[in-house]
$ cat target.pdb   # PDB, C-alpha atoms
MODEL        1
ATOM      1  CA  MET A   1      12.249  16.429 -15.852
ATOM      2  CA  ALA A   2      13.768  14.669 -18.792
ATOM      3  CA  ASP A   3      16.063  12.339 -16.858
ATOM      4  CA  LEU A   4      13.932  11.149 -13.974
ATOM      5  CA  PRO A   5      15.642   9.831 -10.829
ATOM      6  CA  PHE A   6      14.945   6.427  -9.285
ATOM      7  CA  ILE A   7      12.384   6.757  -6.489
ATOM      8  CA  SER A   8      11.355   4.561  -3.582
ATOM      9  CA  ILE A   9       7.803   4.812  -2.313
ATOM     10  CA  ILE A  10       7.689   3.728   1.334
ATOM     11  CA  ASN A  11       4.373   2.507   2.676
ATOM     12  CA  PRO A  12       4.168   1.362   6.336
ATOM     13  CA  ILE A  13       1.129  -0.855   6.838
ATOM     14  CA  ARG A  14      -0.668  -3.089   9.301
ATOM     15  CA  ASN A  15      -4.020  -4.793   8.807
ATOM     16  CA  VAL A  16      -5.011  -2.715   5.776
ATOM     17  CA  GLU A  17      -6.651  -5.432   3.700
ATOM     18  CA  ARG A  18      -9.790  -3.267   3.450
ATOM     19  CA  THR A  19      -7.988  -0.470   1.550
ATOM     20  CA  LEU A  20      -4.858  -2.191   0.217
ATOM     21  CA  GLU A  21      -6.117  -3.250  -3.231
ATOM     22  CA  THR A  22      -7.232   0.314  -3.940
ATOM     23  CA  ASN A  23      -3.984   1.727  -2.579
ATOM     24  CA  LEU A  24      -1.969  -0.639  -4.787
ATOM     25  CA  ARG A  25      -3.965   0.300  -7.893
ATOM     26  CA  TYR A  26      -3.294   3.987  -7.249
ATOM     27  CA  LEU A  27       0.409   3.352  -6.664
ATOM     28  CA  ILE A  28       0.806   1.246  -9.812
ATOM     29  CA  ASP A  29      -1.095   3.868 -11.831
ATOM     30  CA  ILE A  30       1.257   6.697 -10.854
ATOM     31  CA  ASP A  31       2.543   8.454 -13.964
ATOM     32  CA  TYR A  32       6.190   7.516 -13.494
ATOM     33  CA  PRO A  33       8.401   5.029 -15.359
ATOM     34  CA  LYS A  34       8.068   1.662 -13.615
ATOM     35  CA  ASP A  35      11.758   0.921 -14.202
ATOM     36  CA  LYS A  36      12.605   4.062 -12.218
ATOM     37  CA  MET A  37      10.581   3.240  -9.100
ATOM     38  CA  GLU A  38      10.010   0.717  -6.358
ATOM     39  CA  ILE A  39       7.207   0.426  -3.830
ATOM     40  CA  VAL A  40       8.428  -0.853  -0.467
ATOM     41  CA  PHE A  41       5.838  -1.985   2.060
ATOM     42  CA  GLY A  42       6.850  -2.257   5.701
ATOM     43  CA  ASP A  43       4.313  -4.540   7.346
ATOM     44  CA  GLY A  44       4.110  -4.102  11.105
ATOM     45  CA  GLY A  45       2.701  -7.529  11.920
ATOM     46  CA  SER A  46      -0.610  -7.781  10.075
ATOM     47  CA  THR A  47      -2.996 -10.496  11.213
ATOM     48  CA  ASP A  48      -5.449 -10.124   8.331
ATOM     49  CA  LYS A  49      -4.845 -10.814   4.606
ATOM     50  CA  THR A  50      -2.609  -7.782   4.049
ATOM     51  CA  VAL A  51       0.599  -9.750   3.429
ATOM     52  CA  ASP A  52      -1.194 -12.271   1.174
ATOM     53  CA  ILE A  53      -2.548  -9.427  -0.964
ATOM     54  CA  ILE A  54       0.915  -7.900  -1.370
ATOM     55  CA  ARG A  55       2.443 -11.257  -2.265
ATOM     56  CA  GLU A  56      -0.181 -11.730  -5.004
ATOM     57  CA  TRP A  57       0.638  -8.294  -6.438
ATOM     58  CA  GLN A  58       4.368  -9.075  -6.252
ATOM     59  CA  LYS A  59       3.765 -11.910  -8.737
ATOM     60  CA  LYS A  60       2.644  -9.302 -11.287
ATOM     61  CA  TYR A  61       4.937  -6.397 -10.391
ATOM     62  CA  GLU A  62       8.640  -6.789  -9.577
ATOM     63  CA  LEU A  63       8.768  -3.228  -8.299
ATOM     64  CA  ILE A  64       6.728  -4.174  -5.195
ATOM     65  CA  LYS A  65       8.914  -5.077  -2.206
ATOM     66  CA  LEU A  66       7.907  -6.243   1.270
ATOM     67  CA  VAL A  67       9.631  -6.312   4.633
ATOM     68  CA  ILE A  68       7.791  -7.782   7.612
ATOM     69  CA  VAL A  69       8.385  -6.434  11.096
ATOM     70  CA  PRO A  70       6.566  -8.801  13.478
ATOM     71  CA  ASN A  71       5.010  -7.086  16.494
ATOM     72  CA  SER A  72       6.026  -3.643  15.300
ATOM     73  CA  LYS A  73       5.553  -1.086  18.046
ATOM     74  CA  SER A  74       4.663   1.760  15.678
ATOM     75  CA  PRO A  75       4.237   2.729  12.027
ATOM     76  CA  GLY A  76       7.651   4.369  12.359
ATOM     77  CA  GLU A  77       9.323   1.038  13.059
ATOM     78  CA  ALA A  78       7.784  -0.522   9.937
ATOM     79  CA  ARG A  79       8.589   2.623   7.930
ATOM     80  CA  ASN A  80      12.236   2.517   9.026
ATOM     81  CA  ALA A  81      12.549  -1.177   8.126
ATOM     82  CA  ALA A  82      11.206  -0.395   4.637
ATOM     83  CA  LEU A  83      13.536   2.598   4.405
ATOM     84  CA  LYS A  84      16.552   0.345   5.011
ATOM     85  CA  MET A  85      15.606  -1.608   1.855
ATOM     86  CA  ALA A  86      15.012   1.475  -0.275
ATOM     87  CA  LYS A  87      17.294   2.077  -3.239
ATOM     88  CA  GLY A  88      15.813   5.327  -4.473
ATOM     89  CA  ASP A  89      17.598   8.587  -5.042
ATOM     90  CA  TYR A  90      14.454  10.140  -3.568
ATOM     91  CA  ILE A  91      12.121   8.668  -0.955
ATOM     92  CA  LEU A  92       8.377   9.293  -1.028
ATOM     93  CA  PHE A  93       6.137   8.291   1.883
ATOM     94  CA  THR A  94       2.483   7.304   1.827
ATOM     95  CA  ASP A  95       0.165   5.000   3.793
ATOM     96  CA  GLY A  96      -2.039   2.007   3.046
ATOM     97  CA  ASP A  97      -5.233   4.060   3.175
ATOM     98  CA  CYS A  98      -4.053   6.800   0.815
ATOM     99  CA  ALA A  99      -4.750   7.336  -2.870
ATOM    100  CA  PRO A 100      -1.873   9.251  -4.486
ATOM    101  CA  ARG A 101      -2.759  11.248  -7.594
ATOM    102  CA  LYS A 102      -1.322  10.137 -10.930
ATOM    103  CA  ASP A 103       1.074  13.101 -10.946
ATOM    104  CA  TRP A 104       2.034  12.723  -7.263
ATOM    105  CA  ALA A 105       5.609  11.486  -7.755
ATOM    106  CA  LYS A 106       6.520  14.100 -10.358
ATOM    107  CA  LYS A 107       4.906  16.893  -8.327
ATOM    108  CA  MET A 108       6.827  15.829  -5.222
ATOM    109  CA  LEU A 109      10.106  15.894  -7.166
ATOM    110  CA  GLU A 110       9.582  19.312  -8.812
ATOM    111  CA  PRO A 111      10.881  21.423  -5.886
ATOM    112  CA  PHE A 112      14.055  19.325  -5.659
ATOM    113  CA  MET A 113      14.734  19.809  -9.351
ATOM    114  CA  ARG A 114      14.287  23.592  -9.037
ATOM    115  CA  ASP A 115      16.400  24.119  -5.921
ATOM    116  CA  SER A 116      19.116  21.743  -4.692
ATOM    117  CA  SER A 117      19.010  23.252  -1.192
ATOM    118  CA  ILE A 118      15.538  21.801  -0.571
ATOM    119  CA  GLY A 119      15.720  18.758   1.689
ATOM    120  CA  MET A 120      12.079  17.783   2.160
ATOM    121  CA  VAL A 121       8.618  18.563   0.792
ATOM    122  CA  GLY A 122       5.081  17.599   1.797
ATOM    123  CA  GLY A 123       1.722  17.585   0.158
ATOM    124  CA  GLU A 124      -2.001  17.391   0.619
ATOM    125  CA  ILE A 125      -3.403  14.095   1.935
ATOM    126  CA  HIS A 126      -6.722  12.567   0.932
ATOM    127  CA  THR A 127      -7.856   9.437   2.740
ATOM    128  CA  LEU A 128      -9.557   6.575   0.931
ATOM    129  CA  ARG A 129     -13.293   6.204   1.476
ATOM    130  CA  THR A 130     -13.867   2.498   0.820
ATOM    131  CA  ASP A 131     -16.601   1.598   3.297
ATOM    132  CA  PRO A 132     -19.812   3.655   3.260
ATOM    133  CA  ASN A 133     -20.643   2.342   6.758
ATOM    134  CA  ASN A 134     -17.300   3.251   8.358
ATOM    135  CA  ASP A 135     -17.900   6.107  10.813
ATOM    136  CA  VAL A 136     -14.241   7.186  10.880
ATOM    137  CA  GLU A 137     -14.099   7.480   7.087
ATOM    138  CA  ALA A 138     -17.396   9.371   7.073
ATOM    139  CA  TYR A 139     -16.096  11.784   9.719
ATOM    140  CA  CYS A 140     -12.834  12.356   7.838
ATOM    141  CA  GLU A 141     -14.696  13.025   4.611
ATOM    142  CA  GLN A 142     -17.311  15.351   6.131
ATOM    143  CA  THR A 143     -14.847  17.410   8.142
ATOM    144  CA  LYS A 144     -12.221  17.370   5.375
ATOM    145  CA  PHE A 145      -9.819  15.907   7.934
ATOM    146  CA  LEU A 146      -6.368  15.405   6.373
ATOM    147  CA  MET A 147      -7.271  17.480   3.339
TER     148      MET A 147
ENDMDL
END
$ encode --input "target.pdb" --output "structure tokens"
Amino acid sequence: MADLPFISIINPIRNVERTLETNLRYLIDIDYPKDKMEIVFGDGGSTDKTVDIIREWQKKYELIKLVIVPNSKSPGEARNAALKMAKGDYILFTDGDCAPRKDWAKKMLEPFMRDSSIGMVGGEIHTLRTDPNNDVEAYCEQTKFLM
């Protein structure tokens, strides 16, 4: 993939301050040219420090965008608001509790580059384990839920 396309990474979020810093580090560390990508967060009405965290990261990284959807009824509503802002030739979706691999963006684009009739691809999901006392995270890890 010599001439990489511009991509938009859409991330619908709400009250994810617990995992957001880790999620942002993973997204920024993706092996993809920063001038060929944007990360668009669609916040669905967070009441914690989620928006403050994103605004701090925006001071360091111009590629981070934010749209706020107060009282969002669903992650889909926040996702669609972020999608309306997206400028990418390709759209990649993730969530605020995910940790994309360094090669995630390039791996997601490979099928499109091989076959122009492909319209959508998906991949394996690994949730972030950030709190050793969180029963939901422990369950997901032990049962390999979403893996």
$ resolve_selection --input "target.pdb" --expression "the PyMOL selection byres ((chain A and resi 74-77) around 9)" --output "VMD selection string"
chain A and resid 12 to 14 42 to 44 69 71 to 73 78 to 82
$ residues_around --input "target.pdb" --residues "segment 107-118 of chain A" --least-positions-apart "6" --cutoff "10 Å" --atoms "only C-alpha atoms" --output "list in words"
Met1, Leu4, Pro5, Ile7, Tyr90, Ile91, Leu92 and Arg101 of chain A
$ atom_distance --input "target.pdb" --atom1 "atom CA of Asp48 of chain A" --atom2 "atom CA of Lys84 of chain A"
24.6 Å
$ resolve_selection --input "target.pdb" --expression "the PyMOL selection byres ((chain A and resi 95) around 7)" --output "compact mmCIF listing (two decimals) with C-alpha atoms, keeping the file's coordinate frame"
# COMPACT_ATOMS: atom_id res chain seq x y z
CA ASN A 11 4.37 2.51 2.68
CA PRO A 12 4.17 1.36 6.34
CA ILE A 13 1.13 -0.86 6.84
CA THR A 94 2.48 7.30 1.83
CA GLY A 96 -2.04 2.01 3.05
CA ASP A 97 -5.23 4.06 3.18
CA CYS A 98 -4.05 6.80 0.82
$ atom_distance --input "target.pdb" --atom1 "atom CA of Ala86 of chain A" --atom2 "atom CA of Asp29 of chain A"
20.0 Å
$ closest_residue --input "target.pdb" --among "A:Phe41, A:Asp31, A:Ala99, A:Asp52" --to "Leu66 of chain A" --atoms "all atoms listed in the file"
A:Phe41
$ residues_around --input "target.pdb" --residues "Arg55 of chain A" --least-positions-apart "6" --cutoff "10 Å" --atoms "all atoms listed in the file" --output "list in words"
Tyr61, Ile64, Lys65 and Leu66 of chain A
$ closest_residue --input "target.pdb" --among "A:Asp103, A:Asn15, A:Thr47, A:Val67" --to "Ile28 of chain A" --atoms "only C-alpha atoms"
A:Asp103
$ atom_distance --input "target.pdb" --atom1 "atom CA of Val51 of chain A" --atom2 "atom CA of Phe93 of chain A"
18.9 Å
$ axis_aligned_box --input "target.pdb" --around "segment 22-39 of chain A" --padding-each-side "6 Å" --output "JSON"
{"center_x": 2.7, "center_y": 3.9, "center_z": -9.0, "size_x": 31.8, "size_y": 21.1, "size_z": 24.8}
$ closest_residue --input "target.pdb" --among "A:Val16, A:Leu24, A:Pro33, A:Glu62" --to "Lys49 of chain A" --atoms "only C-alpha atoms"
A:Val16
$ closest_residue --input "target.pdb" --among "A:Asp35, A:Glu21, A:Asp3, A:Asp89" --to "Trp57 of chain A" --atoms "all atoms listed in the file"
A:Glu21
$ build_atoms --input "target.pdb" --residues "segment 17-40 of chain A" --atoms "N, CA and C atoms" --output "PDB file, keeping the file's coordinate frame"
ATOM      1  N   GLU A  17      -6.070  -4.691   4.810  1.00  0.00           N
ATOM      2  CA  GLU A  17      -6.651  -5.432   3.700  1.00  0.00           C
ATOM      3  C   GLU A  17      -7.871  -4.732   3.112  1.00  0.00           C
ATOM      4  N   ARG A  18      -8.585  -3.959   3.916  1.00  0.00           N
ATOM      5  CA  ARG A  18      -9.790  -3.267   3.450  1.00  0.00           C
ATOM      6  C   ARG A  18      -9.475  -2.211   2.389  1.00  0.00           C
ATOM      7  N   THR A  19      -8.322  -1.547   2.488  1.00  0.00           N
ATOM      8  CA  THR A  19      -7.988  -0.470   1.550  1.00  0.00           C
ATOM      9  C   THR A  19      -6.805  -0.789   0.645  1.00  0.00           C
ATOM     10  N   LEU A  20      -6.129  -1.911   0.892  1.00  0.00           N
ATOM     11  CA  LEU A  20      -4.858  -2.191   0.217  1.00  0.00           C
ATOM     12  C   LEU A  20      -4.971  -2.352  -1.297  1.00  0.00           C
ATOM     13  N   GLU A  21      -5.977  -3.071  -1.765  1.00  0.00           N
ATOM     14  CA  GLU A  21      -6.117  -3.250  -3.231  1.00  0.00           C
ATOM     15  C   GLU A  21      -6.254  -1.896  -3.922  1.00  0.00           C
ATOM     16  N   THR A  22      -7.052  -1.014  -3.350  1.00  0.00           N
ATOM     17  CA  THR A  22      -7.232   0.314  -3.940  1.00  0.00           C
ATOM     18  C   THR A  22      -5.934   1.097  -3.879  1.00  0.00           C
ATOM     19  N   ASN A  23      -5.266   1.050  -2.738  1.00  0.00           N
ATOM     20  CA  ASN A  23      -3.984   1.727  -2.579  1.00  0.00           C
ATOM     21  C   ASN A  23      -2.975   1.239  -3.614  1.00  0.00           C
ATOM     22  N   LEU A  24      -2.892  -0.066  -3.798  1.00  0.00           N
ATOM     23  CA  LEU A  24      -1.969  -0.639  -4.787  1.00  0.00           C
ATOM     24  C   LEU A  24      -2.308  -0.187  -6.205  1.00  0.00           C
ATOM     25  N   ARG A  25      -3.580  -0.165  -6.551  1.00  0.00           N
ATOM     26  CA  ARG A  25      -3.965   0.300  -7.893  1.00  0.00           C
ATOM     27  C   ARG A  25      -3.512   1.742  -8.115  1.00  0.00           C
ATOM     28  N   TYR A  26      -3.721   2.592  -7.120  1.00  0.00           N
ATOM     29  CA  TYR A  26      -3.294   3.987  -7.249  1.00  0.00           C
ATOM     30  C   TYR A  26      -1.779   4.078  -7.390  1.00  0.00           C
ATOM     31  N   LEU A  27      -1.054   3.304  -6.600  1.00  0.00           N
ATOM     32  CA  LEU A  27       0.409   3.352  -6.664  1.00  0.00           C
ATOM     33  C   LEU A  27       0.936   2.857  -8.013  1.00  0.00           C
ATOM     34  N   ILE A  28       0.379   1.784  -8.520  1.00  0.00           N
ATOM     35  CA  ILE A  28       0.806   1.246  -9.812  1.00  0.00           C
ATOM     36  C   ILE A  28       0.446   2.205 -10.944  1.00  0.00           C
ATOM     37  N   ASP A  29      -0.648   2.947 -10.784  1.00  0.00           N
ATOM     38  CA  ASP A  29      -1.095   3.868 -11.831  1.00  0.00           C
ATOM     39  C   ASP A  29      -0.390   5.219 -11.812  1.00  0.00           C
ATOM     40  N   ILE A  30       0.520   5.429 -10.881  1.00  0.00           N
ATOM     41  CA  ILE A  30       1.257   6.697 -10.854  1.00  0.00           C
ATOM     42  C   ILE A  30       1.967   6.889 -12.190  1.00  0.00           C
ATOM     43  N   ASP A  31       1.903   8.106 -12.693  1.00  0.00           N
ATOM     44  CA  ASP A  31       2.543   8.454 -13.964  1.00  0.00           C
ATOM     45  C   ASP A  31       4.047   8.641 -13.727  1.00  0.00           C
ATOM     46  N   TYR A  32       4.745   7.514 -13.699  1.00  0.00           N
ATOM     47  CA  TYR A  32       6.190   7.516 -13.494  1.00  0.00           C
ATOM     48  C   TYR A  32       6.718   6.218 -14.095  1.00  0.00           C
ATOM     49  N   PRO A  33       7.878   6.255 -14.736  1.00  0.00           N
ATOM     50  CA  PRO A  33       8.401   5.029 -15.359  1.00  0.00           C
ATOM     51  C   PRO A  33       8.594   3.923 -14.315  1.00  0.00           C
ATOM     52  N   LYS A  34       8.017   2.775 -14.575  1.00  0.00           N
ATOM     53  CA  LYS A  34       8.068   1.662 -13.615  1.00  0.00           C
ATOM     54  C   LYS A  34       9.497   1.163 -13.392  1.00  0.00           C
ATOM     55  N   ASP A  35      10.370   1.345 -14.380  1.00  0.00           N
ATOM     56  CA  ASP A  35      11.758   0.921 -14.202  1.00  0.00           C
ATOM     57  C   ASP A  35      12.573   1.932 -13.396  1.00  0.00           C
ATOM     58  N   LYS A  36      11.941   3.024 -13.009  1.00  0.00           N
ATOM     59  CA  LYS A  36      12.605   4.062 -12.218  1.00  0.00           C
ATOM     60  C   LYS A  36      11.971   4.197 -10.834  1.00  0.00           C
ATOM     61  N   MET A  37      11.225   3.152 -10.407  1.00  0.00           N
ATOM     62  CA  MET A  37      10.581   3.240  -9.100  1.00  0.00           C
ATOM     63  C   MET A  37      10.451   1.873  -8.456  1.00  0.00           C
ATOM     64  N   GLU A  38      10.337   1.903  -7.136  1.00  0.00           N
ATOM     65  CA  GLU A  38      10.010   0.717  -6.358  1.00  0.00           C
ATOM     66  C   GLU A  38       9.006   1.139  -5.291  1.00  0.00           C
ATOM     67  N   ILE A  39       8.177   0.198  -4.898  1.00  0.00           N
ATOM     68  CA  ILE A  39       7.207   0.426  -3.830  1.00  0.00           C
ATOM     69  C   ILE A  39       7.578  -0.550  -2.721  1.00  0.00           C
ATOM     70  N   VAL A  40       7.969  -0.016  -1.566  1.00  0.00           N
ATOM     71  CA  VAL A  40       8.428  -0.853  -0.467  1.00  0.00           C
ATOM     72  C   VAL A  40       7.420  -0.769   0.682  1.00  0.00           C
TER      73      VAL A  40
END
